[in-house]
Amino acid sequence: MAAGIALVVWSGWQNLRQRRSAMQEQQQRRVDLVPNAAANGSSDGQSPLQGKPAPAFTLLDLNGKNVSLSDFKGRPLLINFWGTYCAPCMVEMPWLQEFSRKYAPDGLAVVGITYDSEVGRDAIARTTEKLGVTYPILLSTPKAEKDYLSGTEALPISFYIDREGKIIEVSAGLGSKDVLESLVKETIAAGGK
Amino acid sequence: MNRRKQTRRAFASIAALALVVSATARLGRAQLGSMDAPAKPRAYVVYAAEPQSVPAGRSSLLELRFQIVAGFHINSHTPKSQFLIPTTLTLQPATGVKPGALQYPAGQIYSFPSVPGDKLDVYAGSFTLRLPVVATPGDHAIAATLRYQACDSASCYPPRTIPVNVVFTAK
């Protein structure tokens with residue numbers, strides 16, 4: 001009988017553990033699966049990358065030159081994942097261009113990473129030219145997408161990285177320009193000068 | 001003997017109880033699994049395949065109905081921006097069927113909530129494409145693909161292509 005009771009208790013405990021684990025997984029994936037939850041421009045601390053060092057990358061730009069995360073060491077950095085098919089990205093990118101100029105004296109760097117690299121450099125270049133974007137545009141790779149996007153394919157998504165290389169904010173979905181600018185200011189102010 | 005029977009019954013009860021507990025645990029996990037189901041669906045548009053019947057040898061219209069997952073929209077066939085990917089159906093040749101020019105419905109005006117001034121032309125809810133055909137008598141199937149690109153109220157998702165099999169009978 002004692003063995004039976006032990007078995008019942010053990011099964012119950014296993015069940016509880018599985019439930020907790022599943023709920024934790026669900027919570028962690030929320031930012032990826034429900035972009036609207038972060039549509040106000042803030043992920044409310046739900047991104048698994050928030051507070052962590054930005055994953056290193058070396059990607060090609062539109063001129064075929066390698067650009068690495070380490071090239072921006074010591075500068076506040078905004079990394080924006082976008083696609084040529086993405087209407088909200090087209091709304092946001094001119095704002096990011098404006099921020100890149102306005103906050104250049106504060107050291108801000110803005111980098112765009114195209115999620116749909118397969119459309120080709122020419123098409124990407126034509127798009128950025130029409131949008132008036134002059135900040136560096138890099139071609140994504142599956143590794144960069146895995147490291148930063150963790151399986152989500154919702155665009156736009158931006159990572160705000162302080163001078164020490166830590167991701168302090170993640171914004172998913174189209175937010176307001178004011179909210180994005182406040183995140184830029186926060187990034188500039190964070191991580192010391 | 002009685003003692004042996006009691007022991008067997010006790011073991012049987014424990015085994016049954018363990019099975020129930022295990023099944024309950026699996027059920028609990030399965031239910032949580034469904035809670036985990038991605039809010040981001042793999043396909044945002046579903047083709048409602050309906051067998052249709054048309055007069056043989058005469059120009060007739062086939063209706064191809066599509067349903068878009070709630071909360072999402074796709075670009076219409078004529079999006080207002082050159083950057084956007086239009087919804088397009090591509091037909092494969094089918095023996096005994098002469099298709100005409102596909103008729104796309106007009107889209108609806110849509111703006112993302114944070115930029116109400118930017119107007120897009122989209123399909124949301126359901127939409128129907130109309131395909132004129134002239135077909136020989138008999139059963140026919142036209143293989144086709146629908147290419148579309150979906151967004152929700154704040155984000156967009158990569159373009160997708162779904163197979164569409166248009167089945168109809170000409171009598």
# chains A, B, ... in the order shown; residues from 1 in each chain; ligands from 1
>>> residues_around(residues="B:Pro159", least_positions_apart="3", cutoff="8 Å", atoms="only C-alpha atoms", output="ChimeraX atom specification")
/A:85 /B:85,147-150
>>> residues_around(residues="stretch 122-134 of chain A", least_positions_apart="5", cutoff="9 Å", atoms="only C-alpha atoms", output="PyMOL selection string")
(chain A and resi 62+83-84+90+93-94+96-98+114+116-117) or (chain B and resi 83)
>>> write_last_selection(atoms="all heavy atoms", output="compact mmCIF listing (two decimals), in the first residue's frame")
# COMPACT_ATOMS: atom_id res chain seq x y z
N LEU A 62 25.23 45.63 -48.21
CA LEU A 62 24.79 45.62 -49.61
C LEU A 62 25.96 45.79 -50.59
O LEU A 62 25.81 45.56 -51.78
CB LEU A 62 23.74 46.72 -49.84
CG LEU A 62 22.43 46.53 -49.07
CD1 LEU A 62 21.45 47.65 -49.38
CD2 LEU A 62 21.79 45.18 -49.37
N GLY A 83 11.74 43.49 -43.56
CA GLY A 83 11.61 42.77 -44.83
C GLY A 83 11.05 43.70 -45.89
O GLY A 83 10.32 44.64 -45.57
N THR A 84 11.40 43.43 -47.15
CA THR A 84 10.95 44.33 -48.23
C THR A 84 9.42 44.27 -48.41
O THR A 84 8.83 45.17 -48.97
CB THR A 84 11.60 43.92 -49.57
OG1 THR A 84 11.38 42.53 -49.78
CG2 THR A 84 13.09 44.19 -49.58
N MET A 90 8.25 49.66 -43.47
CA MET A 90 8.44 50.84 -44.34
C MET A 90 8.03 52.12 -43.62
O MET A 90 8.54 53.19 -43.90
CB MET A 90 7.59 50.72 -45.61
CG MET A 90 7.79 49.47 -46.39
SD MET A 90 9.47 49.29 -46.97
CE MET A 90 9.55 47.55 -47.18
N MET A 93 11.08 52.64 -40.88
CA MET A 93 12.47 52.88 -41.30
C MET A 93 12.83 54.35 -41.49
O MET A 93 13.93 54.77 -41.08
CB MET A 93 12.80 52.03 -42.52
CG MET A 93 12.94 50.55 -42.15
SD MET A 93 12.99 49.45 -43.55
CE MET A 93 14.62 49.73 -44.19
N PRO A 94 11.96 55.17 -42.08
CA PRO A 94 12.30 56.60 -42.14
C PRO A 94 12.45 57.23 -40.75
O PRO A 94 13.25 58.15 -40.55
CB PRO A 94 11.13 57.21 -42.91
CG PRO A 94 10.61 56.07 -43.74
CD PRO A 94 10.77 54.86 -42.87
N LEU A 96 13.65 55.61 -38.15
CA LEU A 96 14.97 55.15 -37.68
C LEU A 96 16.08 55.95 -38.35
O LEU A 96 17.10 56.27 -37.73
CB LEU A 96 15.15 53.65 -37.95
CG LEU A 96 14.09 52.71 -37.36
CD1 LEU A 96 14.47 51.25 -37.61
CD2 LEU A 96 13.91 52.96 -35.86
N GLN A 97 15.86 56.28 -39.63
CA GLN A 97 16.84 57.11 -40.36
C GLN A 97 16.97 58.47 -39.66
O GLN A 97 18.08 58.97 -39.44
CB GLN A 97 16.36 57.28 -41.81
CG GLN A 97 17.18 58.26 -42.63
CD GLN A 97 18.60 57.77 -42.86
OE1 GLN A 97 18.85 56.57 -42.89
NE2 GLN A 97 19.54 58.69 -43.00
N GLU A 98 15.82 59.03 -39.30
CA GLU A 98 15.82 60.33 -38.61
C GLU A 98 16.57 60.22 -37.28
O GLU A 98 17.40 61.08 -36.96
CB GLU A 98 14.37 60.75 -38.38
CG GLU A 98 14.21 62.14 -37.79
CD GLU A 98 12.74 62.44 -37.48
OE1 GLU A 98 11.86 62.07 -38.28
OE2 GLU A 98 12.50 63.03 -36.41
N THR A 114 18.01 42.68 -43.15
CA THR A 114 16.87 42.22 -43.95
C THR A 114 16.61 40.76 -43.70
O THR A 114 17.49 39.92 -43.85
CB THR A 114 17.12 42.39 -45.47
OG1 THR A 114 18.43 41.99 -45.75
CG2 THR A 114 16.87 43.78 -45.91
N ASP A 116 14.49 39.06 -45.49
CA ASP A 116 14.26 38.38 -46.78
C ASP A 116 15.42 38.63 -47.73
O ASP A 116 15.25 39.15 -48.83
CB ASP A 116 12.93 38.80 -47.40
CG ASP A 116 12.84 40.30 -47.64
OD1 ASP A 116 13.64 41.04 -47.05
OD2 ASP A 116 11.99 40.71 -48.44
N SER A 117 16.61 38.19 -47.31
CA SER A 117 17.82 38.40 -48.11
C SER A 117 17.71 37.79 -49.50
O SER A 117 18.37 38.23 -50.43
CB SER A 117 19.03 37.77 -47.41
OG SER A 117 19.18 38.31 -46.13
N PHE B 83 5.93 48.40 -52.86
CA PHE B 83 6.77 47.50 -52.05
C PHE B 83 6.05 46.21 -51.70
O PHE B 83 6.68 45.22 -51.37
CB PHE B 83 7.17 48.18 -50.73
CG PHE B 83 8.00 49.41 -50.91
CD1 PHE B 83 7.59 50.63 -50.42
CD2 PHE B 83 9.22 49.34 -51.57
CE1 PHE B 83 8.37 51.77 -50.57
CE2 PHE B 83 10.01 50.47 -51.74
CZ PHE B 83 9.58 51.68 -51.24
>>> residues_around(residues="B:Thr90", least_positions_apart="4", cutoff="9 Å", atoms="only C-alpha atoms", output="VMD selection string")
chain B and resid 143 to 147
>>> write_last_selection(atoms="C-alpha atoms", output="PDB file, in the first residue's frame")
ATOM      1  CA  ALA B 143      -4.005  22.809 -60.062  1.00  0.00           C
ATOM      2  CA  ALA B 144      -3.131  26.308 -58.891  1.00  0.00           C
ATOM      3  CA  THR B 145      -1.138  28.159 -56.247  1.00  0.00           C
ATOM      4  CA  LEU B 146      -2.135  31.208 -54.255  1.00  0.00           C
ATOM      5  CA  ARG B 147       0.686  33.536 -53.201  1.00  0.00           C
TER       6      ARG B 147
END
